[in-house]
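Asker: Here you go, start_15.txt (compact mmCIF, C-alpha atoms and all ligand atoms):
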# COMPACT_ATOMS: atom_id res chain seq x y z
CA MET A 1 -18.79 27.62 14.24
CA SER A 2 -16.53 25.55 11.97
CA LYS A 3 -17.95 22.95 9.60
CA PRO A 4 -17.88 19.30 10.70
CA THR A 5 -15.76 16.81 8.73
CA PHE A 6 -17.15 13.47 7.58
CA ALA A 7 -14.52 10.91 6.67
CA MET A 8 -14.67 7.52 4.97
CA LEU A 9 -11.70 5.23 5.11
CA CYS A 10 -10.67 1.92 3.60
CA CYS A 11 -8.24 -0.47 5.25
CA ALA A 12 -7.46 -4.19 5.18
CA CYS A 13 -10.10 -6.49 6.68
CA GLY A 14 -9.06 -6.98 10.29
CA ALA A 15 -7.28 -3.61 10.60
CA GLU A 16 -10.46 -1.60 11.20
CA GLN A 17 -10.22 -1.92 14.99
CA VAL A 18 -6.76 -0.34 15.03
CA VAL A 19 -7.96 2.42 12.67
CA LYS A 20 -11.02 3.05 14.83
CA SER A 21 -9.12 3.32 18.11
CA GLU A 22 -6.60 5.74 16.59
CA MET A 23 -9.45 7.89 15.26
CA ALA A 24 -11.40 7.82 18.51
CA GLU A 25 -8.25 8.99 20.33
CA LYS A 26 -8.06 11.96 17.96
CA GLY A 27 -11.64 13.02 18.68
CA TRP A 28 -13.46 11.38 15.74
CA ARG A 29 -16.93 9.97 16.41
CA LEU A 30 -17.30 6.63 14.72
CA ALA A 31 -20.31 5.99 12.50
CA PHE A 32 -21.15 3.28 9.93
CA SER A 33 -18.48 0.65 9.47
CA ARG A 34 -17.95 -2.73 7.88
CA PRO A 35 -14.86 -4.96 7.70
CA GLY A 36 -12.34 -2.95 5.69
CA PHE A 37 -14.43 0.25 5.79
CA VAL A 38 -14.79 2.92 8.48
CA THR A 39 -16.69 6.22 8.55
CA ALA A 40 -16.51 8.90 11.23
CA LYS A 41 -17.40 12.50 12.01
CA ASN A 42 -15.34 15.26 13.52
CA ASP A 43 -17.12 18.39 14.79
CA SER A 44 -14.40 20.64 13.41
CA ASP A 45 -13.09 21.31 9.93
CA VAL A 46 -9.98 19.09 10.15
CA SER A 47 -7.70 17.27 7.74
CA LEU A 48 -8.44 13.64 6.89
CA PRO A 49 -7.11 10.98 9.27
CA GLU A 50 -3.77 9.39 8.49
CA GLY A 51 -2.24 6.27 9.95
CA ILE A 52 -0.22 3.17 9.24
CA PHE A 53 -3.37 1.16 8.52
CA VAL A 54 -5.37 3.85 6.71
CA ARG A 55 -5.24 2.80 3.06
CA THR A 56 -7.56 5.47 1.63
CA ALA A 57 -9.19 8.49 3.23
CA SER A 58 -11.88 10.67 1.63
CA ARG A 59 -14.22 13.43 2.70
CA SER A 60 -17.59 11.80 2.64
CA ILE A 61 -20.30 13.36 0.46
CA GLY A 62 -23.12 10.81 0.66
CA GLN A 63 -24.25 7.28 -0.06
CA VAL A 64 -26.76 5.53 -2.28
CA ARG A 65 -28.42 2.15 -2.16
CA GLY A 66 -30.35 0.36 -4.85
CA THR A 67 -30.41 -2.25 -7.54
CA ASP A 68 -30.86 -0.04 -10.59
CA ALA A 69 -27.48 1.47 -11.46
CA THR A 70 -28.94 4.24 -13.65
CA ARG A 71 -31.16 5.42 -10.80
CA MET A 72 -28.26 5.22 -8.37
CA VAL A 73 -26.11 7.41 -10.64
CA GLU A 74 -28.95 9.96 -10.87
CA GLU A 75 -29.10 10.00 -7.09
CA LEU A 76 -25.32 10.55 -6.92
CA ALA A 77 -25.74 13.62 -9.16
CA VAL A 78 -28.44 15.00 -6.84
CA GLN A 79 -26.20 14.53 -3.81
CA LEU A 80 -23.26 16.16 -5.58
CA ALA A 81 -25.39 19.21 -6.45
CA GLU A 82 -26.53 19.51 -2.83
CA HIS A 83 -22.96 19.19 -1.66
CA ASP A 84 -21.60 21.83 -4.03
CA PRO A 85 -24.11 24.25 -5.54
CA ASN A 86 -21.22 25.80 -7.52
CA ARG A 87 -20.87 22.49 -9.38
CA ARG A 88 -17.10 22.49 -9.52
CA SER A 89 -16.17 19.39 -11.48
CA PHE A 90 -13.63 16.75 -10.43
CA ASP A 91 -10.39 15.91 -12.24
CA GLN A 92 -10.63 12.15 -11.75
CA LEU A 93 -13.17 9.48 -10.88
CA HIS A 94 -11.98 6.51 -8.78
CA VAL A 95 -14.32 3.57 -8.18
CA TRP A 96 -13.29 0.51 -6.18
CA PRO A 97 -14.75 -2.05 -3.76
CA LYS A 98 -13.87 -2.21 -0.08
CA ASP A 99 -11.95 -5.40 0.76
CA ARG A 100 -14.21 -8.46 1.15
CA VAL A 101 -11.88 -10.65 3.20
CA PRO A 102 -8.33 -10.47 4.58
CA ILE A 103 -5.71 -10.21 1.84
CA GLY A 104 -4.55 -13.58 0.59
CA ARG A 105 -7.59 -15.50 1.93
CA PHE A 106 -9.11 -17.51 -0.93
CA GLY A 107 -6.54 -15.74 -3.12
CA PHE A 108 -8.18 -12.35 -2.48
CA GLU A 109 -6.29 -9.27 -3.70
CA PRO A 110 -7.48 -5.70 -3.08
CA GLY A 111 -8.41 -3.13 -5.70
CA VAL A 112 -10.63 -2.59 -8.71
CA ASP A 113 -12.49 -5.79 -9.67
CA GLU A 114 -14.94 -6.73 -12.42
CA VAL A 115 -18.04 -5.39 -10.64
CA SER A 116 -16.45 -2.06 -9.80
CA LYS A 117 -15.24 -1.73 -13.41
CA VAL A 118 -18.82 -2.04 -14.65
CA VAL A 119 -20.05 0.44 -12.01
CA ALA A 120 -17.18 2.81 -12.86
CA ASP A 121 -18.23 2.87 -16.54
CA GLU A 122 -21.86 3.45 -15.61
CA VAL A 123 -21.02 6.27 -13.19
CA TYR A 124 -18.58 7.83 -15.63
CA ALA A 125 -21.18 7.80 -18.42
CA GLY A 126 -23.69 9.49 -16.09
CA LEU A 127 -21.41 12.16 -14.63
CA ARG A 128 -18.93 12.97 -17.36
CA GLU A 129 -20.82 15.88 -18.91
CA THR A 130 -21.36 17.53 -15.56
CA TRP A 131 -19.16 16.36 -12.72
CA VAL A 132 -15.99 14.69 -13.98
CA LYS A 133 -13.54 15.91 -16.61
CA CYS A 134 -11.17 12.91 -17.00
CA ASP A 135 -11.19 10.86 -20.22
CA ALA A 136 -11.93 7.58 -18.38
CA PRO A 137 -12.53 6.36 -14.82
CA ASN A 138 -9.75 4.93 -12.62
CA ARG A 139 -6.87 6.80 -14.16
CA ILE A 140 -3.82 7.55 -11.99
CA ALA A 141 -4.34 11.06 -10.57
CA GLN A 142 -1.68 13.76 -10.70
CA PRO A 143 -0.66 15.51 -7.47
CA GLY A 144 -3.08 18.33 -6.71
CA GLU A 145 -5.99 16.83 -8.68
CA ARG A 146 -9.40 16.56 -7.05
CA VAL A 147 -10.64 13.00 -7.13
CA LEU A 148 -14.25 11.87 -6.84
CA ASP A 149 -14.22 8.59 -4.92
CA LEU A 150 -16.88 5.91 -5.01
CA VAL A 151 -16.43 2.95 -2.66
CA LEU A 152 -18.60 -0.11 -3.22
CA VAL A 153 -19.36 -1.37 0.27
CA GLU A 154 -21.69 -3.77 -1.53
CA PRO A 155 -22.50 -3.83 -5.24
CA SER A 156 -25.83 -2.24 -4.20
CA HIS A 157 -24.48 0.21 -1.60
CA TRP A 158 -22.07 2.95 -2.68
CA PHE A 159 -20.29 5.63 -0.64
CA LEU A 160 -19.34 8.86 -2.36
CA GLY A 161 -16.45 11.08 -1.25
CA THR A 162 -13.55 13.16 -2.42
CA HIS A 163 -9.86 13.63 -1.78
CA GLU A 164 -6.99 15.55 -3.23
CA ALA A 165 -4.21 13.48 -4.81
CA ASP A 166 -0.80 13.95 -3.27
CA VAL A 167 1.64 11.07 -2.49
CA TRP A 168 1.55 7.87 -4.56
CA PRO A 169 -1.14 5.82 -2.77
CA THR A 170 -3.54 8.79 -2.97
CA ARG A 171 -3.04 8.85 -6.74
CA TRP A 172 -4.00 5.20 -7.37
CA PRO A 173 -7.65 4.06 -7.46
CA GLY A 174 -8.32 2.62 -4.01
CA ALA A 175 -4.60 3.13 -3.23
CA VAL A 176 -3.77 -0.07 -5.11
CA GLN A 177 -0.93 0.40 -7.58
CA PRO A 178 -1.90 -0.59 -11.12
CA VAL A 179 1.00 -2.78 -12.28
CA GLN A 180 1.37 -4.57 -15.60
CA PRO A 181 4.08 -7.25 -15.17
CA VAL A 182 6.22 -7.94 -18.24
CA GLU A 183 5.91 -11.68 -17.54
CA GLU A 184 3.77 -13.77 -15.20
CA PRO A 185 5.24 -13.03 -11.73
CA VAL A 186 6.83 -15.85 -9.75
CA SER A 187 4.78 -14.93 -6.67
CA ARG A 188 2.49 -12.17 -5.38
CA ALA A 189 5.54 -10.67 -3.66
CA TYR A 190 6.24 -9.17 -7.10
CA TYR A 191 3.34 -6.73 -6.58
CA LYS A 192 4.27 -6.11 -2.96
CA ALA A 193 7.83 -5.22 -3.96
CA ALA A 194 6.62 -3.01 -6.83
CA GLU A 195 4.34 -1.12 -4.45
CA SER A 196 7.00 -0.72 -1.75
CA ILE A 197 9.55 0.59 -4.25
CA THR A 198 7.19 3.21 -5.72
CA TRP A 199 5.75 4.22 -2.33
CA SER A 200 9.24 4.64 -0.82
CA GLY A 201 10.32 6.98 -3.62
CA PHE A 202 13.73 5.23 -3.64
CA ASP A 203 15.69 6.19 -6.73
CA MET A 204 16.61 2.64 -7.80
CA LYS A 205 18.54 2.62 -11.05
CA PRO A 206 19.56 -0.07 -13.58
CA GLY A 207 22.91 -1.52 -12.55
CA ASP A 208 22.40 -0.84 -8.81
CA VAL A 209 23.02 -3.81 -6.52
CA ALA A 210 20.02 -4.89 -4.46
CA VAL A 211 20.03 -7.64 -1.83
CA GLU A 212 16.93 -9.46 -0.69
CA ILE A 213 16.86 -11.49 2.53
CA GLY A 214 14.04 -14.02 2.30
CA SER A 215 14.07 -14.08 -1.49
CA ALA A 216 12.54 -17.46 -2.39
CA PRO A 217 10.74 -18.21 -4.61
CA GLY A 218 11.57 -14.85 -6.21
CA GLY A 219 8.58 -12.59 -6.91
CA ALA A 220 10.30 -9.49 -5.50
CA CYS A 221 13.62 -10.37 -7.18
CA GLY A 222 11.66 -10.59 -10.45
CA ARG A 223 10.60 -6.95 -10.03
CA LEU A 224 14.14 -5.83 -9.14
CA LEU A 225 15.54 -7.64 -12.19
CA GLU A 226 12.84 -6.10 -14.38
CA LEU A 227 14.09 -2.69 -13.20
CA GLY A 228 17.54 -3.66 -14.49
CA MET A 229 19.25 -4.15 -11.14
CA ARG A 230 21.85 -6.70 -10.14
CA VAL A 231 20.23 -8.82 -7.48
CA ILE A 232 21.55 -11.02 -4.67
CA GLY A 233 18.91 -13.28 -3.12
CA ILE A 234 19.56 -14.75 0.31
CA ASP A 235 17.37 -17.64 1.33
CA PRO A 236 17.93 -21.24 2.47
CA ALA A 237 15.05 -22.25 0.18
CA GLU A 238 15.19 -22.76 -3.58
CA MET A 239 14.61 -19.97 -6.05
CA ASP A 240 12.32 -20.36 -9.04
CA PRO A 241 14.45 -21.31 -12.07
CA ARG A 242 13.20 -18.23 -13.98
CA ILE A 243 14.98 -16.08 -11.39
CA ASN A 244 17.93 -18.37 -10.71
CA GLU A 245 18.90 -18.50 -14.37
CA HIS A 246 18.79 -14.74 -14.87
CA PRO A 247 22.31 -13.43 -15.66
CA ASN A 248 21.93 -10.55 -13.16
CA PHE A 249 20.90 -12.81 -10.29
CA GLN A 250 23.00 -14.55 -7.66
CA HIS A 251 21.52 -16.89 -5.05
CA ILE A 252 23.25 -17.30 -1.70
CA ARG A 253 21.73 -20.27 0.00
CA ALA A 254 21.95 -19.17 3.62
CA ARG A 255 20.10 -17.48 6.42
CA GLY A 256 20.37 -13.70 6.55
CA GLY A 257 22.13 -13.72 9.92
CA ASP A 258 24.76 -16.30 8.89
CA LEU A 259 26.52 -14.27 6.21
CA PRO A 260 29.85 -12.47 6.48
CA ARG A 261 29.14 -8.77 6.07
CA ARG A 262 31.45 -8.38 3.10
CA GLN A 263 28.74 -10.13 1.09
CA PHE A 264 26.87 -6.84 1.26
CA ARG A 265 29.69 -4.61 -0.01
CA ASN A 266 28.64 -2.33 -2.90
CA ALA A 267 24.97 -3.04 -2.30
CA LYS A 268 22.74 0.03 -2.27
CA TRP A 269 19.35 -1.45 -1.53
CA LEU A 270 18.24 -4.04 1.00
CA LEU A 271 14.85 -5.73 0.92
CA VAL A 272 13.81 -8.01 3.76
CA ASP A 273 10.81 -10.30 3.57
CA SER A 274 11.63 -13.38 5.66
CA ASN A 275 9.09 -15.21 7.74
CA VAL A 276 11.06 -14.68 10.92
CA ARG A 277 9.97 -12.91 14.14
CA PRO A 278 10.34 -9.12 13.75
CA ASP A 279 12.81 -8.72 16.65
CA GLN A 280 15.08 -11.36 15.17
CA THR A 281 14.76 -9.83 11.69
CA LEU A 282 15.69 -6.42 13.09
CA THR A 283 18.76 -7.89 14.86
CA THR A 284 19.92 -9.39 11.55
CA ILE A 285 19.45 -6.09 9.71
CA GLU A 286 20.99 -4.08 12.54
CA ASN A 287 24.16 -6.16 12.37
CA ILE A 288 24.39 -5.51 8.65
CA VAL A 289 23.52 -1.82 8.40
CA THR A 290 25.40 -0.59 11.47
CA HIS A 291 28.63 -2.21 10.26
CA ARG A 292 31.23 0.35 9.14
CA GLN A 293 31.47 -1.20 5.67
CA SER A 294 27.75 -0.93 5.08
CA ASP A 295 26.90 1.35 2.20
CA PHE A 296 23.14 0.94 1.97
CA VAL A 297 21.09 3.87 0.74
CA GLY A 298 17.65 2.45 1.42
CA LEU A 299 15.98 -0.48 3.17
CA LEU A 300 12.52 -1.93 2.54
CA ILE A 301 11.64 -4.11 5.49
CA THR A 302 8.48 -6.19 5.77
CA LEU A 303 7.62 -7.11 9.35
CA LYS A 304 4.86 -9.57 10.19
CA ILE A 305 2.60 -8.32 12.97
CA GLY A 306 1.04 -11.74 13.49
CA GLU A 307 -2.28 -10.29 14.60
CA TYR A 308 -3.66 -6.76 14.56
CA ARG A 309 -3.85 -6.69 18.37
CA ALA A 310 -0.04 -6.57 18.31
CA ALA A 311 -0.02 -3.28 16.34
CA PRO A 312 1.32 -1.27 19.34
CA LEU A 313 4.63 -3.16 18.86
CA ILE A 314 5.21 -1.18 15.66
CA GLU A 315 6.26 1.88 17.65
CA LYS A 316 8.96 -0.20 19.38
CA TRP A 317 10.26 -1.48 16.01
CA PHE A 318 10.19 2.08 14.70
CA GLN A 319 12.32 3.34 17.60
CA ARG A 320 14.76 0.50 17.13
CA ILE A 321 15.21 1.48 13.47
CA VAL A 322 15.62 5.15 14.46
CA GLY A 323 18.57 3.91 16.56
CA TRP A 324 20.41 3.04 13.30
CA LYS A 325 20.54 6.80 12.61
CA PRO A 326 18.68 6.81 9.30
CA GLN A 327 17.74 10.03 7.50
CA GLN A 328 14.08 9.07 7.31
CA VAL A 329 11.73 6.26 8.29
CA HIS A 330 8.21 5.68 6.96
CA VAL A 331 5.92 2.83 7.86
CA ARG A 332 2.69 1.74 6.21
CA GLN A 333 0.55 -1.29 5.72
CA LEU A 334 0.80 -1.46 1.95
CA ALA A 335 -2.29 -2.44 -0.01
CA ARG A 336 -0.55 -5.73 -0.86
CA ASN A 337 0.59 -6.43 2.71
CA LYS A 338 -1.15 -9.20 4.61
CA CYS A 339 -1.07 -8.77 8.41
CA GLU A 340 2.29 -7.04 8.10
CA VAL A 341 3.77 -3.59 7.63
CA CYS A 342 6.50 -2.18 5.42
CA PHE A 343 9.24 0.15 6.70
CA ALA A 344 10.98 2.35 4.13
CA VAL A 345 14.25 3.46 5.70
CA THR A 346 16.47 6.05 4.01
CA MET A 347 19.97 5.53 5.38
CA LYS A 348 21.65 8.27 3.34
CA SER A 349 21.25 10.25 0.13
CA ALA A 350 21.57 8.22 -3.10
C1 LIG A 401 7.35 -14.68 2.38
S1 LIG A 401 8.62 -15.72 1.77
C2 LIG A 401 9.49 -14.60 0.76
C3 LIG A 401 8.87 -14.32 -0.57
C4 LIG A 401 9.89 -13.69 -1.50
N1 LIG A 401 10.29 -12.37 -1.01
C5 LIG A 401 9.41 -13.57 -2.91
O1 LIG A 401 9.52 -12.48 -3.46
O2 LIG A 401 8.94 -14.55 -3.50
C6 LIG A 401 9.66 -15.88 3.17
C7 LIG A 401 11.00 -16.53 2.90
O3 LIG A 401 11.84 -16.29 4.02
C8 LIG A 401 12.78 -17.34 4.04
N2 LIG A 401 13.51 -17.31 5.32
C9 LIG A 401 13.11 -17.74 6.54
N3 LIG A 401 14.07 -17.51 7.46
C10 LIG A 401 15.10 -16.90 6.80
C11 LIG A 401 16.37 -16.38 7.19
N4 LIG A 401 16.78 -16.44 8.46
N5 LIG A 401 17.16 -15.81 6.25
C12 LIG A 401 16.75 -15.74 4.96
N6 LIG A 401 15.55 -16.21 4.54
C13 LIG A 401 14.75 -16.77 5.45
C14 LIG A 401 11.94 -18.57 3.78
O4 LIG A 401 12.74 -19.63 3.33
C15 LIG A 401 10.96 -18.04 2.73
O5 LIG A 401 11.41 -18.38 1.43
Do you think you could lay out the structure here as structure tokens?
Answerer:
Amino acid sequence: MSKPTFAMLCCACGAEQVVKSEMAEKGWRLAFSRPGFVTAKNDSDVSLPEGIFVRTASRSIGQVRGTDATRMVEELAVQLAEHDPNRRSFDQLHVWPKDRVPIGRFGFEPGVDEVSKVVADEVYAGLRETWVKCDAPNRIAQPGERVLDLVLVEPSHWFLGTHEADVWPTRWPGAVQPVQPVEEPVSRAYYKAAESITWSGFDMKPGDVAVEIGSAPGGACGRLLELGMRVIGIDPAEMDPRINEHPNFQHIRARGGDLPRRQFRNAKWLLVDSNVRPDQTLTTIENIVTHRQSDFVGLLITLKIGEYRAAPLIEKWFQRIVGWKPQQVHVRQLARNKCEVCFAVTMKSA
């Protein structure tokens, strides 16, 4: 008989219902869950669940509760030894909290916070001689490295698991990209754009022309400019002066759908982040990218779902994008996405 698989997953608060139904359809039996955190069992030895709304996925090893961190770390070591009598050590240690509330509510942002930093240091100090070989906790993992994951469901309730690092989000602690902005970003869209660019793998280079539809106030444009690109921002609203005055930035004060298509000549990259209904947004983009003069290499499109119940619409949007004959389409709820998803569309080779 094959070994069962225990999985623990993190997602945005509100997305757990979508994650759960997708898992149940694939034969997973749901177990403990909280907003932003789902565990499940599969009777066979299977790979970890994937999905648009699955932010992190780990093979579950155990859990500890308590108020004394030293004791809790000792208990983790006991569980690790039971799990693997060969005591094979891990390359990295990632420690992060599950999301408390939906992203953006009360200014909430996902990822490592002050409490999890303290816990990470404590756990690292307790396990470094025996179970982890990295030089500090919460380092970015290299592809192929084995990561020991600790999710704080509460400060006094920790879930232990493991995963192997592979694509970018699996390399970041809690799948949240660590970004150090050069200057204070104009808006949180700076982080969202940074994450979408890295996740997509798009080979954006200094001097490339990037267009953003829905560019005000300019967080995302700030990231593109920081990467040395020439940026055209399209938005009827005003840009932040820090962006507007940048020599590599041009603002076109218009709606995305109202522009003559020659405005997009020579542009390689298109970002779209307008608060417009997805179908209308897709019509605007379709008119641009299916035009014979269009020369776009890659598109990063944010579409607002509105509410998680509407998640089945994503498949329809996906098929519509496939109709533009791209080379590749990926879709994911990024860690920095509110109730929205990001499509990375490769139109042709760079
Ligand atoms: C979420 S904000 C964009 C944030 C921006 N990407 C940033 O980095 O700061 C949405 C923007 O879409 C703009 N917008 C709404 N309808 C639009 C349209 N038809 N064309 C272009 N922009 C539009 C709004 O004016 C608003 O500034």
Asker: Which residues are near Asn275 of chain A? Cut-off 8 Å, all atoms listed in the file, ignore same chain within fewer than 2 positions. Put them as a PyMOL selection string.
Answerer: chain A and resi 214+273+277+304
Asker: Atom CA of Met204 of chain A and atom CA of Leu259 of chain A, how far apart in Å?
Answerer: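 Atom-to-atom, atom CA of Leu259 of chain A and atom CA of Met204 of chain A are spaced 24.1 Å apart.
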Asker: Specify the axis-aligned box that encloses all atoms of ligand LIG 401 (chain A) listed in the file after padding of 3 Å on each side, stating its centre and edge lengths in Å to one decimal as AutoDock Vina command-line options.
Answerer:
--center_x 12.3 --center_y -16.0 --center_z 2.5 --size_x 15.8 --size_y 13.3 --size_z 18.0
Asker: Write out as an MDAnalysis selection string each polymer residue (protein, DNA or RNA) that has an atom no more than 7 Å from ligand LIG 401 (chain A), with all atoms listed in the file counted.
Answerer: chainID A and resid 186:187 189:190 213:221 234:237 254:257 273:276
Asker: Would you pick out the contacts of Leu30 of chain A at 7 Å or less, using only C-alpha atoms, so that residues sharing its chain but fewer than 3 positions from it are not included, and give the list as a PDB file with C-alpha atoms, in the frame of the given file?
Answerer:
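Written out: part.pdb:
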ATOM      1  CA  THR A  39     -16.690   6.220   8.550  1.00  0.00           C
ATOM      2  CA  ALA A  40     -16.510   8.900  11.230  1.00  0.00           C
ATOM      3  CA  LYS A  41     -17.400  12.500  12.010  1.00  0.00           C
TER       4      LYS A  41
END
Asker: Restricting the calculation to only C-alpha atoms: of A:Trp96, A:Phe108, A:Phe343, A:Phe296, which residue gets closest to Glu315 of chain A?
Answerer: A:Phe343
Asker: When distances are computed from all atoms listed in the file, which of A:Val95, A:Asp121, A:Glu245, A:Gly14 shows the smallest separation from Glu307 of chain A?
Answerer: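 Of all the options, A:Gly14 lies closest to Glu307 of chain A.
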Asker: Is there a way to complete segment 196-222 of chain A with N, CA and C atoms and then write that out as a PDB file, keeping the file's coordinate frame?
Answerer:
ATOM      1  N   SER A 196       6.105  -1.292  -2.767  1.00  0.00           N
ATOM      2  CA  SER A 196       7.000  -0.720  -1.750  1.00  0.00           C
ATOM      3  C   SER A 196       8.042   0.190  -2.391  1.00  0.00           C
ATOM      4  N   ILE A 197       8.518  -0.208  -3.566  1.00  0.00           N
ATOM      5  CA  ILE A 197       9.550   0.590  -4.250  1.00  0.00           C
ATOM      6  C   ILE A 197       8.963   1.952  -4.653  1.00  0.00           C
ATOM      7  N   THR A 198       7.793   1.939  -5.277  1.00  0.00           N
ATOM      8  CA  THR A 198       7.190   3.210  -5.720  1.00  0.00           C
ATOM      9  C   THR A 198       6.826   4.073  -4.514  1.00  0.00           C
ATOM     10  N   TRP A 199       6.181   3.464  -3.528  1.00  0.00           N
ATOM     11  CA  TRP A 199       5.750   4.220  -2.330  1.00  0.00           C
ATOM     12  C   TRP A 199       6.942   4.865  -1.633  1.00  0.00           C
ATOM     13  N   SER A 200       8.068   4.130  -1.549  1.00  0.00           N
ATOM     14  CA  SER A 200       9.240   4.640  -0.820  1.00  0.00           C
ATOM     15  C   SER A 200       9.856   5.845  -1.529  1.00  0.00           C
ATOM     16  N   GLY A 201       9.683   5.908  -2.856  1.00  0.00           N
ATOM     17  CA  GLY A 201      10.320   6.980  -3.620  1.00  0.00           C
ATOM     18  C   GLY A 201      11.805   6.721  -3.830  1.00  0.00           C
ATOM     19  N   PHE A 202      12.304   5.534  -3.485  1.00  0.00           N
ATOM     20  CA  PHE A 202      13.730   5.230  -3.640  1.00  0.00           C
ATOM     21  C   PHE A 202      14.113   5.318  -5.126  1.00  0.00           C
ATOM     22  N   ASP A 203      15.256   5.965  -5.360  1.00  0.00           N
ATOM     23  CA  ASP A 203      15.690   6.190  -6.730  1.00  0.00           C
ATOM     24  C   ASP A 203      16.535   5.000  -7.206  1.00  0.00           C
ATOM     25  N   MET A 204      15.889   3.851  -7.378  1.00  0.00           N
ATOM     26  CA  MET A 204      16.610   2.640  -7.800  1.00  0.00           C
ATOM     27  C   MET A 204      16.895   2.731  -9.284  1.00  0.00           C
ATOM     28  N   LYS A 205      18.158   2.443  -9.646  1.00  0.00           N
ATOM     29  CA  LYS A 205      18.540   2.620 -11.050  1.00  0.00           C
ATOM     30  C   LYS A 205      19.069   1.305 -11.624  1.00  0.00           C
ATOM     31  N   PRO A 206      18.969   1.119 -12.966  1.00  0.00           N
ATOM     32  CA  PRO A 206      19.560  -0.070 -13.580  1.00  0.00           C
ATOM     33  C   PRO A 206      21.043  -0.136 -13.225  1.00  0.00           C
ATOM     34  N   GLY A 207      21.500  -1.336 -12.907  1.00  0.00           N
ATOM     35  CA  GLY A 207      22.910  -1.520 -12.550  1.00  0.00           C
ATOM     36  C   GLY A 207      23.162  -1.459 -11.043  1.00  0.00           C
ATOM     37  N   ASP A 208      22.250  -0.862 -10.272  1.00  0.00           N
ATOM     38  CA  ASP A 208      22.400  -0.840  -8.810  1.00  0.00           C
ATOM     39  C   ASP A 208      22.377  -2.275  -8.275  1.00  0.00           C
ATOM     40  N   VAL A 209      23.079  -2.478  -7.150  1.00  0.00           N
ATOM     41  CA  VAL A 209      23.020  -3.810  -6.520  1.00  0.00           C
ATOM     42  C   VAL A 209      21.966  -3.791  -5.409  1.00  0.00           C
ATOM     43  N   ALA A 210      21.042  -4.750  -5.493  1.00  0.00           N
ATOM     44  CA  ALA A 210      20.020  -4.890  -4.460  1.00  0.00           C
ATOM     45  C   ALA A 210      20.129  -6.281  -3.856  1.00  0.00           C
ATOM     46  N   VAL A 211      19.989  -6.348  -2.524  1.00  0.00           N
ATOM     47  CA  VAL A 211      20.030  -7.640  -1.830  1.00  0.00           C
ATOM     48  C   VAL A 211      18.640  -7.892  -1.265  1.00  0.00           C
ATOM     49  N   GLU A 212      18.172  -9.125  -1.387  1.00  0.00           N
ATOM     50  CA  GLU A 212      16.930  -9.460  -0.690  1.00  0.00           C
ATOM     51  C   GLU A 212      17.157 -10.611   0.275  1.00  0.00           C
ATOM     52  N   ILE A 213      16.802 -10.402   1.535  1.00  0.00           N
ATOM     53  CA  ILE A 213      16.860 -11.490   2.530  1.00  0.00           C
ATOM     54  C   ILE A 213      15.448 -12.072   2.617  1.00  0.00           C
ATOM     55  N   GLY A 214      15.357 -13.379   2.374  1.00  0.00           N
ATOM     56  CA  GLY A 214      14.040 -14.020   2.300  1.00  0.00           C
ATOM     57  C   GLY A 214      13.534 -13.885   0.873  1.00  0.00           C
ATOM     58  N   SER A 215      14.333 -14.380  -0.074  1.00  0.00           N
ATOM     59  CA  SER A 215      14.070 -14.080  -1.490  1.00  0.00           C
ATOM     60  C   SER A 215      13.299 -15.163  -2.235  1.00  0.00           C
ATOM     61  N   ALA A 216      13.184 -16.359  -1.655  1.00  0.00           N
ATOM     62  CA  ALA A 216      12.540 -17.460  -2.390  1.00  0.00           C
ATOM     63  C   ALA A 216      11.009 -17.377  -2.269  1.00  0.00           C
ATOM     64  N   PRO A 217      10.278 -17.705  -3.311  1.00  0.00           N
ATOM     65  CA  PRO A 217      10.740 -18.210  -4.610  1.00  0.00           C
ATOM     66  C   PRO A 217      11.236 -17.138  -5.590  1.00  0.00           C
ATOM     67  N   GLY A 218      10.921 -15.846  -5.345  1.00  0.00           N
ATOM     68  CA  GLY A 218      11.570 -14.850  -6.210  1.00  0.00           C
ATOM     69  C   GLY A 218      10.671 -13.809  -6.849  1.00  0.00           C
ATOM     70  N   GLY A 219       9.461 -13.618  -6.335  1.00  0.00           N
ATOM     71  CA  GLY A 219       8.580 -12.590  -6.910  1.00  0.00           C
ATOM     72  C   GLY A 219       9.226 -11.215  -6.858  1.00  0.00           C
ATOM     73  N   ALA A 220       9.707 -10.832  -5.672  1.00  0.00           N
ATOM     74  CA  ALA A 220      10.300  -9.490  -5.500  1.00  0.00           C
ATOM     75  C   ALA A 220      11.559  -9.355  -6.347  1.00  0.00           C
ATOM     76  N   CYS A 221      12.391 -10.425  -6.361  1.00  0.00           N
ATOM     77  CA  CYS A 221      13.620 -10.370  -7.180  1.00  0.00           C
ATOM     78  C   CYS A 221      13.247 -10.163  -8.642  1.00  0.00           C
ATOM     79  N   GLY A 222      12.131 -10.764  -9.078  1.00  0.00           N
ATOM     80  CA  GLY A 222      11.660 -10.590 -10.450  1.00  0.00           C
ATOM     81  C   GLY A 222      11.439  -9.114 -10.757  1.00  0.00           C
TER      82      GLY A 222
END
